[in-house]
Amino acid sequence: MNVRKHWIVFAVCLFLVPSSVMSQFRMSALKIGYLNPKDAQPGLFLSSDFTFPIDETTELGISTNVYYRNYKKLSTVAAPGYSAGINETTQQKELEYTTLSIPIYAIVNFVIPTSRYFGYQIHGGLGYEFLFNKENNYVEQKSERRFYRGLSWLVSAGFHYQIGSRSAITGEILYHSANVTRNRTETPEGLPIWNEVNLSGFGFRFGLRFHEL
């Protein structure tokens, strides 16, 4: 199934959701964390959840996540010099990579209170992921952009601690799984061939969780 068919299925599923359910969607969490994927450098991981309650412990909804990593290779081209009370060096940028990944998930949350203020939560998501990679080589004066896509899923478990009538602090350990690809073609012998990046890895995140009164 190609990416266009995936988006068609996703749009049809949203269309079939009753309007009475869609009107109950609300932002239920904002989180920031760290992800260590197998085929990329560790980077920032941002998440936001939009859910509606099924009962007192279960929520369904959608989640958007952003993985971001920027790397720069610098070199010193002039030795430190003392002037006007400060030390100054001259730097030059030789290489820069920017990696941005955006998965979109359908999610389920299980929120299990154990006391008035404390509780546990389990999160699961399944969806589609887009990876954008940009390389600027200033030494060779070359620039290249790459775009990958593929199915993705995420699970996490953690805690929440109530700090207000509608808010709680949350912390989670997570595992993210995705193998995104590009350039799907065939060899002269008719064998399928493609480029692949494995974004699977562990991470953690913390943030704020919101709920209704």
# chains A, B, ... in the order shown; residues from 1 in each chain; ligands from 1
$ residues_around --residues "stretch 88-101 of chain A" --least-positions-apart "4" --cutoff "6 Å" --atoms "only C-alpha atoms" --output "list in words"
Val66, Tyr67, Tyr68, Arg69, Asn70, Tyr71, Lys72, Lys73, Leu74, Ser75, Thr76, Val77, Ala78, Ala79, Pro80, Gly81, Phe130, Leu131, Phe132, Asn133, Lys134, Glu135, Asn136, Asn137, Tyr138 and Val139 of chain A
$ residues_around --residues "stretch 165-167 of chain A" --least-positions-apart "6" --cutoff "12 Å" --atoms "only C-alpha atoms" --output "PyMOL selection string"
chain A and resi 27-30+116-118+207-213
$ select_by_dssp --residues "stretch 1-175 of chain A" --states "strand (DSSP E)" --output "NGL selection string"
:A and (26-37 or 43-53 or 58-83 or 86-113 or 118-137 or 142-162 or 167-175)
$ atom_distance --atom1 "atom CA of A:Ser48" --atom2 "atom CA of A:Gly124"
13.5 Å
$ atom_distance --atom1 "atom CA of A:Gly61" --atom2 "atom CA of A:Phe202"
22.7 Å
$ atom_distance --atom1 "atom CA of A:Asp39" --atom2 "atom CA of A:Thr185"
21.8 Å
$ closest_residue --among "A:Gly164, A:Thr58, A:Ile122, A:Ile32" --to "A:Leu46" --atoms "only C-alpha atoms"
A:Ile32
$ closest_residue --among "A:Tyr128, A:Tyr120, A:Tyr148, A:Phe110" --to "A:Asn65" --atoms "only C-alpha atoms"
A:Tyr128
$ select_by_dssp --residues "stretch 19-58 of chain A" --states "alpha helix (DSSP H)" --output "NGL selection string"
:A and (19-22)
$ write_last_selection --atoms "N, CA, C and O atoms" --output "PDB file, in the first residue's frame"
ATOM      1  N   SER A  19     -19.698  12.926  14.619  1.00  0.00           N
ATOM      2  CA  SER A  19     -19.397  14.316  14.964  1.00  0.00           C
ATOM      3  C   SER A  19     -19.515  14.556  16.458  1.00  0.00           C
ATOM      4  O   SER A  19     -18.827  15.409  17.025  1.00  0.00           O
ATOM      5  N   SER A  20     -20.403  13.812  17.136  1.00  0.00           N
ATOM      6  CA  SER A  20     -20.555  13.964  18.584  1.00  0.00           C
ATOM      7  C   SER A  20     -19.282  13.558  19.317  1.00  0.00           C
ATOM      8  O   SER A  20     -18.948  14.099  20.373  1.00  0.00           O
ATOM      9  N   VAL A  21     -18.541  12.584  18.745  1.00  0.00           N
ATOM     10  CA  VAL A  21     -17.272  12.163  19.330  1.00  0.00           C
ATOM     11  C   VAL A  21     -16.182  13.184  19.024  1.00  0.00           C
ATOM     12  O   VAL A  21     -15.383  13.558  19.883  1.00  0.00           O
ATOM     13  N   MET A  22     -16.124  13.659  17.765  1.00  0.00           N
ATOM     14  CA  MET A  22     -15.104  14.626  17.368  1.00  0.00           C
ATOM     15  C   MET A  22     -15.182  15.892  18.210  1.00  0.00           C
ATOM     16  O   MET A  22     -14.163  16.514  18.522  1.00  0.00           O
TER      17      MET A  22
END
